[in-house]
Every structure is written in structure tokens, then in C-alpha cells.
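> Below is the file coords_5.txt, which contains compact mmCIF, C-alpha atoms.
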```txt
# COMPACT_ATOMS: atom_id res chain seq x y z
CA MET A 63 15.47 7.30 -13.94
CA ALA A 64 11.97 7.87 -12.63
CA MET A 65 10.91 6.65 -9.20
CA LEU A 66 8.73 3.58 -9.55
CA ASP A 67 5.77 2.91 -7.33
CA GLU A 68 4.46 -0.59 -6.62
CA ILE A 69 2.16 -0.64 -9.69
CA ASP A 70 4.99 0.48 -11.99
CA ARG A 71 7.20 -2.30 -10.57
CA ARG A 72 4.46 -4.86 -11.23
CA ILE A 73 4.05 -3.58 -14.81
CA VAL A 74 7.81 -3.83 -15.42
CA LYS A 75 7.95 -7.31 -13.87
CA CYS A 76 5.09 -8.56 -16.07
CA LEU A 77 6.66 -7.06 -19.20
CA ARG A 78 10.03 -8.65 -18.36
CA LEU A 79 8.33 -12.04 -18.19
CA ASP A 80 6.21 -11.50 -21.31
CA ALA A 81 6.73 -8.36 -23.40
CA ARG A 82 3.98 -9.57 -25.78
CA ILE A 83 1.27 -9.59 -23.11
CA THR A 84 -1.83 -7.73 -24.24
CA ASN A 85 -2.62 -4.45 -22.55
CA ASN A 86 -5.90 -5.89 -21.26
CA ALA A 87 -4.16 -8.89 -19.67
CA LEU A 88 -1.44 -6.67 -18.22
CA ALA A 89 -4.01 -4.25 -16.80
CA GLU A 90 -5.84 -7.13 -15.14
CA ALA A 91 -2.58 -8.56 -13.74
CA VAL A 92 -1.59 -5.27 -12.11
CA GLY A 93 -5.07 -4.17 -11.04
CA LEU A 94 -5.63 -1.21 -13.37
CA SER A 95 -8.09 -0.30 -16.09
CA PRO A 96 -6.69 -0.83 -19.60
CA SER A 97 -6.51 2.93 -20.26
CA ALA A 98 -4.68 3.63 -16.97
CA CYS A 99 -2.29 0.77 -17.66
CA LEU A 100 -1.51 2.02 -21.17
CA ARG A 101 -0.96 5.53 -19.82
CA ARG A 102 1.56 4.19 -17.27
CA ILE A 103 3.36 2.16 -19.94
CA ARG A 104 3.73 5.28 -22.11
CA ILE A 105 5.12 7.23 -19.13
CA LEU A 106 7.60 4.41 -18.41
CA GLU A 107 8.67 4.46 -22.07
CA ARG A 108 9.06 8.25 -22.24
CA SER A 109 11.04 8.35 -18.98
CA GLY A 110 13.45 5.70 -20.25
CA VAL A 111 12.52 2.99 -17.74
CA ILE A 112 11.27 0.91 -20.67
CA GLN A 113 13.82 1.40 -23.42
CA GLY A 114 12.39 -1.02 -25.95
CA TYR A 115 11.01 -4.46 -26.63
CA THR A 116 12.96 -7.32 -28.16
CA ALA A 117 12.79 -10.94 -29.22
CA ILE A 118 15.39 -13.20 -27.64
CA ILE A 119 16.57 -15.72 -30.19
CA SER A 120 18.31 -18.80 -28.85
CA GLY A 121 20.88 -18.91 -31.65
CA VAL A 122 22.58 -21.92 -30.12
CA GLY A 123 20.50 -24.75 -31.49
CA PRO A 124 21.92 -27.55 -33.64
CA GLY A 125 23.60 -26.06 -36.69
CA GLU A 126 23.07 -22.49 -35.46
CA GLY A 127 26.61 -21.82 -34.27
CA MET A 128 28.14 -20.96 -30.98
CA SER A 129 28.51 -18.14 -28.50
CA ALA A 130 31.77 -16.43 -27.69
CA ILE A 131 32.06 -14.44 -24.49
CA VAL A 132 34.52 -11.62 -25.11
CA GLN A 133 36.12 -9.36 -22.54
CA ILE A 134 37.29 -6.02 -23.92
CA GLU A 135 39.66 -3.55 -22.32
CA LEU A 136 39.67 -0.01 -23.69
CA GLU A 137 42.56 2.44 -23.85
CA ARG A 138 40.51 4.91 -21.80
CA GLN A 139 37.17 4.95 -20.01
CA THR A 140 36.01 8.48 -20.86
CA GLU A 141 32.40 9.03 -21.92
CA GLU A 142 33.66 9.81 -25.44
CA TYR A 143 35.52 6.48 -25.69
CA LEU A 144 32.58 4.54 -24.24
CA ALA A 145 30.10 6.18 -26.63
CA ARG A 146 32.30 5.61 -29.70
CA PHE A 147 32.83 1.98 -28.70
CA GLU A 148 29.12 1.29 -28.06
CA ASN A 149 28.10 2.99 -31.33
CA ALA A 150 30.54 0.72 -33.17
CA LEU A 151 29.10 -2.36 -31.40
CA ARG A 152 25.64 -1.53 -32.72
CA MET A 153 26.90 -1.94 -36.28
CA HIS A 154 27.51 -5.69 -35.86
CA PRO A 155 24.51 -7.99 -35.39
CA GLU A 156 26.82 -10.83 -34.33
CA ILE A 157 27.32 -8.91 -31.08
CA GLN A 158 24.12 -9.99 -29.36
CA GLU A 159 24.59 -8.15 -26.08
CA TRP A 160 27.18 -6.20 -24.13
CA TYR A 161 27.75 -5.00 -20.61
CA LEU A 162 29.91 -2.19 -19.23
CA MET A 163 31.60 -3.92 -16.30
CA THR A 164 33.32 -3.17 -13.02
CA GLY A 165 36.53 -5.00 -12.15
CA ASP A 166 38.88 -6.45 -14.75
CA GLY A 167 38.03 -5.48 -18.30
CA ASP A 168 35.69 -2.76 -19.40
CA TYR A 169 33.10 -4.62 -21.49
CA LEU A 170 31.76 -8.14 -21.69
CA LEU A 171 30.24 -9.08 -25.06
CA ARG A 172 28.24 -12.09 -26.18
CA VAL A 173 29.04 -12.78 -29.81
CA GLN A 174 27.05 -15.30 -31.86
CA ILE A 175 29.14 -16.90 -34.60
CA ALA A 176 28.90 -19.99 -36.83
CA GLY A 177 32.07 -21.61 -35.51
CA ILE A 178 35.65 -21.16 -34.44
CA ASP A 179 36.90 -20.37 -37.95
CA ASP A 180 34.29 -17.64 -38.33
CA TYR A 181 35.24 -16.28 -34.94
CA GLY A 182 38.87 -15.97 -36.02
CA GLN A 183 37.80 -13.86 -38.98
CA PHE A 184 35.36 -11.82 -36.83
CA HIS A 185 38.13 -11.20 -34.28
CA ARG A 186 40.53 -10.05 -36.99
CA ASP A 187 38.09 -8.00 -39.09
CA VAL A 188 35.77 -6.55 -36.43
CA LEU A 189 36.82 -6.86 -32.78
CA SER A 190 40.43 -5.82 -33.26
CA ARG A 191 39.29 -2.78 -35.25
CA LEU A 192 36.73 -1.45 -32.77
CA PRO A 193 37.65 2.06 -31.58
CA GLY A 194 39.75 2.29 -28.44
CA VAL A 195 40.32 -1.44 -27.92
CA SER A 196 43.58 -2.29 -26.16
CA ARG A 197 42.98 -5.96 -25.20
CA ILE A 198 40.60 -8.76 -26.22
CA THR A 199 40.10 -11.97 -24.23
CA SER A 200 37.75 -14.61 -25.65
CA SER A 201 36.03 -17.63 -24.13
CA PHE A 202 33.55 -20.03 -25.70
CA ALA A 203 30.32 -21.31 -24.19
CA MET A 204 30.18 -25.08 -23.92
CA ARG A 205 26.67 -25.10 -22.49
CA SER A 206 24.12 -22.41 -21.72
CA HIS A 207 20.97 -21.89 -19.71
CA ARG A 208 18.65 -18.93 -19.60
CA GLY A 209 16.49 -18.82 -16.47
CA ARG A 210 13.20 -17.04 -16.11
```
Please go through the file and, once you have read it, give me the structure as C-alpha cells.


Amino acid sequence: MAMLDEIDRRIVKCLRLDARITNNALAEAVGLSPSACLRRIRILERSGVIQGYTAIISGVGPGEGMSAIVQIELERQTEEYLARFENALRMHPEIQEWYLMTGDGDYLLRVQIAGIDDYGQFHRDVLSRLPGVSRITSSFAMRSHRGR
């Protein structure tokens, strides 16, 4: 990853708080001209510091289902196993996010499902068939909060 100077860190911080901020507003917030700001954003994108932009959908409103937090252990932790597993995760939009972890378990997933019955089917038809999986441990969110 590229070394970030103070202006780059301010750009990244502003984009984390509001990825839809206009270039003019971002430039003003970080103390650059709009063209210099856009040039830095493009460099951050090309270098992989900024990997994309996304909308975060709550998905847990009334009638919108529930979140399952799933810990996955793999048979092996080689780069090949990790890549195959992550490529398979991308095929399932119910898997909202995942993290490669230290400690117990290899991955932590957040799965958005309609309810417990749907989760049972998802577990049987998807999670248990992901490549390299040796153990699945599931928990369900009773309440959530996303801080800023």
C-alpha cells in the first residue's frame, strides 16, 4: 500500500464519512484545488488505497430480516484456499461482509437472511458447500448499532 501523507489521510477520512461528497466540497475540506484533489483521488484508487465505493444498506428494519454472524474454519489457510473461499463468497449477495481473522476461526461473515428458516436452508445449501470449510459456527444478532 502507498504511503499516505496528511492530505491523503484527510481525503480518505472525508470519503469514509461521506463517499458521495462532491469533489469541490472534498477539495475545500482538505485544502486543495478541485483538480489537485481529483488527481490525488485517482492516485489513491490506482494504488489500491481506495478499492471502491459502496452503499451500506441497513437490511435490519422491520420486515427486512435478520443478521447472522458466522464463524468459518477452513481445512487449510494457504493463499489458494483463501482465494477460492473468498471467490465463492462473492457469489452470494446474502453474505454482506467478511473478515479474515486472527485467533479462533478463519473468517467471520455477516449474512443477511429473512429469518431462521431461511438461514437453515442457506446453511445447508450454501455455507456447508463453500470450498475448504471444515467448521461453521453461527450466532444471530439481537440488536445492532453502526457508529460513525

> Quick one: residues within 10 Å of (11.0, -2.0, -16.0) (file frame), counting only C-alpha atoms, please, as number ranges by chain.

A: 66, 70-78, 103, 106-107, 110-113

> Need the shell around Asp179 in chain A: protein/DNA/RNA residues with any atom at most 12 Å away, counting all atoms listed in the file. Skip same-chain ones fewer than 5 positions apart. Format as a PyMOL selection string?

chain A and resi 127-128+184-186

> Could you jot down the CA of Glu148 in chain A to CA of Val173 in chain A separation for me, Å, one decimal place?

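Pair CA of Glu148 in chain A / CA of Val173 in chain A returns 14.2 Å.
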
> In Å, how far is it from CA of Ile198 in chain A to CA of Ala117 in chain A?

28.1 Å

> For Leu100 in chain A, which residue out of A:Ala87, A:His154, A:Tyr181, A:Gly114 is the nearest one, using only C-alpha atoms?

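Closest to Leu100 in chain A, using only C-alpha atoms: A:Ala87.
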
> Could you check the closest approach to Arg172 in chain A for each of A:Ala89, A:Ile131, A:Ile69, A:Leu94 and tell me which residue wins, using only C-alpha atoms?

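Closest residue, counting only C-alpha atoms: A:Ile131.
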
> Report, in Å with one decimal, the straight-line distance from CA of Ala130 in chain A to CA of Leu151 in chain A.

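Interatomic distance, CA of Ala130 in chain A to CA of Leu151 in chain A: 14.8 Å.
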